[in-house]
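Data block below; observations after.
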Amino acid sequence: MLVTTDNTALELTEAQQRDKDNLSLIANKSIGELVKANPELLIFPQHLKDSEDDIASDPIFELALTDAKTVLTTGNIMGFIGVKNTQLKIQSRFAQTSVNGFESISNEAHREQESKEDYFLHYMLQKVLCFNLFDLKHSHNQTKVFDFLVYLFPYFLKKALSQGLYKEYQKKAYNDSNFKGTIDIKAHLQRNLPFRGSVAYRVREHSFDNPLTQLICHTIELIKQKPNLRDVLHSDSETLDFVNLIVQHTQSYHVRDRQTVINANRKPFVHPYFTEYRGLQKICLQILRHDGLKYANNDDKAYGILFDGAWLWEEYLNTILRTIGYKHPTNNNRQGGINVYAQKFWGNNVRRYPDFVKDDRIILDAKYKRMKGNHINRDDLNQVLSYLFLYQANIGGYIAPTIDDNLALNMGLLNGFGGSIHKFKLAIPQQVASYQAFKTAITQNEAKLIEAIKALSSEQSDNESLAIS
């Protein structure tokens, strides 16, 4: 396994050159293209259009040959991806023991490498996807791909089952006196002579017991066999209820049918209503095909699970800012936002969606990128200025993560219509002894961030008072 961090350019060592050919199969290709061509590749956000940064057109990583050296460059994407027998883990750059380059995990180094924790990534996933890590005794096992998939299974299960239990028409064979459908002549002659009142017949009926629900059931039964992971199936009452619902309606389950069920689900699930089942089908297939991460070496398909750091950071900040009255406009469901044009004409129905808005007077933008000192990227500045203009707001700002101390910086007053720009940084704890220690430390930093942002409301009130006077 090769290990690196997000937003990093690193050179492959001579020993890792053997992985170059495998990595080249997925390097420099757009995420949209890879997801379409590789059914086993899971990515968050699941709907790529939900990402403001249009990650569908971005690569997961780039591979370039420079001066006879191979350099791998990552962006905001984190997680696990593999092809053939090469696996790449992209950690958050805020991992407590982030590697300063690639490391190949040998048998001797395996224990040391696996002990490196990416607490920040796990913490954001827990906050955004609402899966329970507190009761699962967070340990180095979480860096294993298989374990990671299992931890995410309840999230996909609840999303899918919230649309109802899926059912479809199935061909069923019966041998009883309640005849309906079509007589199975061969089976009838074999089983019902001399005639005792039963008829062998086949019927097509709507059933909850189908290949898709069987796939979910096989996944549940596999997880039950893992002593250190089975707790995810009853991490909350809703998950437990859905697990029991699946088991109750898949009476034909038998472990010997597992490969048959997997084969029946090779085609990606598509349904106009049960849209959330596609993600559940993907993660079930990955869990059932993995025990660790085992694929045939001649399989050119990419597999794994990836997270857009910018999207994850924005959704994580939403869990903090919504508690103090900030709204989070979203492009995917057309909630919130503002029209660019005052009057709607043909072709000009354009809307803009800031990350966070409060009382149409304060605009905050989430930035996962590095924001050094008092510098603001030109495009980032223009973006917030346009939001301030459209909303006629007078306070704009940015929130970025940092390994330094929390920061609340007033960048200065604006010309023109006036107002001010601010920069906030949330410190990501380093050098902590455990995941619980990390949670305690970052919760304290979140409280400091909230207080600093609350102060913007006071500044807004002062600005309005000055305007009136």
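In the structure tokens, chains take the letters A, B, ... in the order shown, each chain's residues start at 1, and ligands count up from 1 in the order shown.
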Range 221-413 of chain A: residues DSSP assigns to helix (DSSP H, G or I), reported as JSON, numbers by chain: {"A": [221, 222, 223, 224, 230, 231, 232, 233, 234, 237, 238, 239, 240, 241, 242, 243, 244, 245, 246, 247, 248, 255, 256, 257, 258, 259, 260, 261, 262, 263, 264, 277, 278, 279, 280, 281, 282, 283, 284, 285, 286, 287, 288, 289, 309, 310, 311, 312, 313, 314, 315, 316, 317, 318, 319, 320, 321, 322, 323, 324, 378, 379, 380, 381, 382, 383, 384, 385, 386, 387, 388, 389, 390, 391]}
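In the backbone-derived DSSP annotation, strand (DSSP E or B) within range 190-311 of chain A comprises Val199, Ala200, Tyr201, Arg202, Val203, Arg204, Glu205, His206, Ser207, Ala302, Tyr303, Gly304, Ile305, Leu306, Phe307 and Asp308 of chain A.
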Tell me, counting only C-alpha atoms, for each residue of range 266-355 of chain A within 9 Å of range 33-43 of chain A, which pair of atoms is nearest and how far apart they are in Å to one decimal, in rows ordered by chain and increasing number, as CSV.
```
residue,atom,partner,partner_atom,distance
A:Arg266,CA,A:Pro39,CA,8.6
A:Lys267,CA,A:Pro39,CA,8.5
A:Pro268,CA,A:Pro39,CA,6.8
A:Gly279,CA,A:Leu42,CA,7.6
A:Lys282,CA,A:Glu40,CA,5.9
A:Ile283,CA,A:Leu42,CA,7.4
A:Leu285,CA,A:Glu40,CA,7.4
A:Gln286,CA,A:Glu40,CA,6.5
A:Lys301,CA,A:Asn38,CA,5.7
A:Ala302,CA,A:Asn38,CA,5.8
A:Tyr303,CA,A:Leu41,CA,4.7
A:Gly304,CA,A:Leu41,CA,5.2
A:Ile305,CA,A:Leu42,CA,4.6
A:Leu306,CA,A:Ile43,CA,4.6
A:Phe307,CA,A:Ile43,CA,5.7
A:Asp308,CA,A:Ile43,CA,7.6
```
With range 205-214 of chain A as the partner and 6 Å as the cut-off, tabulate the residues of range 146-192 of chain A that qualify, each row holding the nearest pair of atoms and their distance in Å to one decimal, using only C-alpha atoms, sorted by chain and rising number, as JSON lines.
```
{"residue": "A:Lys167", "atom": "CA", "partner": "A:Phe208", "partner_atom": "CA", "distance": 4.2}
{"residue": "A:Glu168", "atom": "CA", "partner": "A:His206", "partner_atom": "CA", "distance": 5.2}
{"residue": "A:Tyr169", "atom": "CA", "partner": "A:His206", "partner_atom": "CA", "distance": 4.3}
{"residue": "A:Gln170", "atom": "CA", "partner": "A:Glu205", "partner_atom": "CA", "distance": 5.5}
```
With distances taken over only C-alpha atoms, which of A:Lys158, A:Phe179, A:Ala342, A:Ala68 is nearest to Ser237 in chain A? A:Lys158
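The nearest approach to Glu11 in chain A among the residues A:Glu314, A:Glu446, A:Asp67, A:Asp58, with only C-alpha atoms taken into account, belongs to A:Asp67.
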Which residues come within 8 Å of Phe269 in chain A, counting only C-alpha atoms, excluding same-chain residues fewer than 2 positions away, as a ChimeraX atom specification? /A:265,267,271,277-278,281
Write the residues of the selection above to a file with all heavy atoms, as a short mmCIF file (atom, residue, chain, number, x, y, z; two decimals), in the first residue's frame.
```
data_model
loop_
_atom_site.label_atom_id
_atom_site.label_comp_id
_atom_site.auth_asym_id
_atom_site.auth_seq_id
_atom_site.Cartn_x
_atom_site.Cartn_y
_atom_site.Cartn_z
N ASN A 265 -26.07 -9.08 -8.98
CA ASN A 265 -26.02 -7.64 -8.74
C ASN A 265 -24.86 -6.95 -9.47
O ASN A 265 -24.49 -5.84 -9.11
CB ASN A 265 -25.92 -7.37 -7.24
CG ASN A 265 -27.24 -7.51 -6.52
OD1 ASN A 265 -28.03 -6.57 -6.45
ND2 ASN A 265 -27.49 -8.71 -6.00
N LYS A 267 -24.84 -5.72 -12.39
CA LYS A 267 -25.33 -4.54 -13.10
C LYS A 267 -25.72 -3.47 -12.09
O LYS A 267 -26.47 -3.74 -11.15
CB LYS A 267 -26.54 -4.92 -13.96
CG LYS A 267 -27.04 -3.78 -14.84
CD LYS A 267 -28.19 -4.26 -15.70
CE LYS A 267 -28.71 -3.13 -16.59
NZ LYS A 267 -29.86 -3.56 -17.44
N HIS A 271 -33.18 2.88 -10.58
CA HIS A 271 -34.63 2.93 -10.36
C HIS A 271 -35.03 4.39 -10.21
O HIS A 271 -34.32 5.17 -9.55
CB HIS A 271 -35.00 2.14 -9.10
CG HIS A 271 -36.46 1.85 -8.97
ND1 HIS A 271 -37.37 2.80 -8.53
CD2 HIS A 271 -37.19 0.73 -9.23
CE1 HIS A 271 -38.58 2.27 -8.51
NE2 HIS A 271 -38.51 1.02 -8.94
N TYR A 277 -30.69 3.28 -3.22
CA TYR A 277 -30.26 1.88 -3.17
C TYR A 277 -29.01 1.63 -4.00
O TYR A 277 -28.33 0.63 -3.79
CB TYR A 277 -31.39 0.96 -3.65
CG TYR A 277 -32.35 0.57 -2.56
CD1 TYR A 277 -33.39 1.40 -2.18
CD2 TYR A 277 -32.22 -0.66 -1.89
CE1 TYR A 277 -34.28 1.05 -1.18
CE2 TYR A 277 -33.10 -1.02 -0.88
CZ TYR A 277 -34.13 -0.16 -0.53
OH TYR A 277 -35.00 -0.51 0.47
N ARG A 278 -28.71 2.53 -4.92
CA ARG A 278 -27.52 2.30 -5.75
C ARG A 278 -26.25 2.38 -4.89
O ARG A 278 -25.34 1.56 -5.04
CB ARG A 278 -27.45 3.31 -6.89
CG ARG A 278 -26.25 3.07 -7.79
CD ARG A 278 -26.33 3.81 -9.10
NE ARG A 278 -25.24 3.42 -9.99
CZ ARG A 278 -25.10 3.84 -11.22
NH1 ARG A 278 -26.00 4.66 -11.74
NH2 ARG A 278 -24.09 3.46 -11.97
N GLN A 281 -26.07 -0.72 -2.78
CA GLN A 281 -25.63 -1.87 -3.57
C GLN A 281 -24.11 -1.85 -3.75
O GLN A 281 -23.44 -2.89 -3.60
CB GLN A 281 -26.31 -1.86 -4.94
CG GLN A 281 -25.93 -3.05 -5.81
CD GLN A 281 -26.25 -2.81 -7.29
OE1 GLN A 281 -25.99 -1.73 -7.82
NE2 GLN A 281 -26.83 -3.81 -7.95
#
```
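If only C-alpha atoms are the atoms counted, then among A:Leu149, A:Val270, A:Tyr316, A:Lys186 the closest residue to Leu125 in chain A is A:Tyr316.
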Just want the 6 Å neighbourhood of range 368-380 of chain A, counted on only C-alpha atoms, with same-chain residues fewer than 2 positions away dropped. Output as a list in words. Ala310, Asn382, Gln383 and Ala400 of chain A
Nearby residues (only C-alpha atoms) at most 7 Å from Asp355 in chain A, same-chain spacing under 4 positions excluded, as an MDAnalysis selection string: chainID A and resid 328:329 364:366
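The gap separating CA of Gly336 in chain A from CA of Leu388 in chain A is 15.3 Å, in Å to one decimal.
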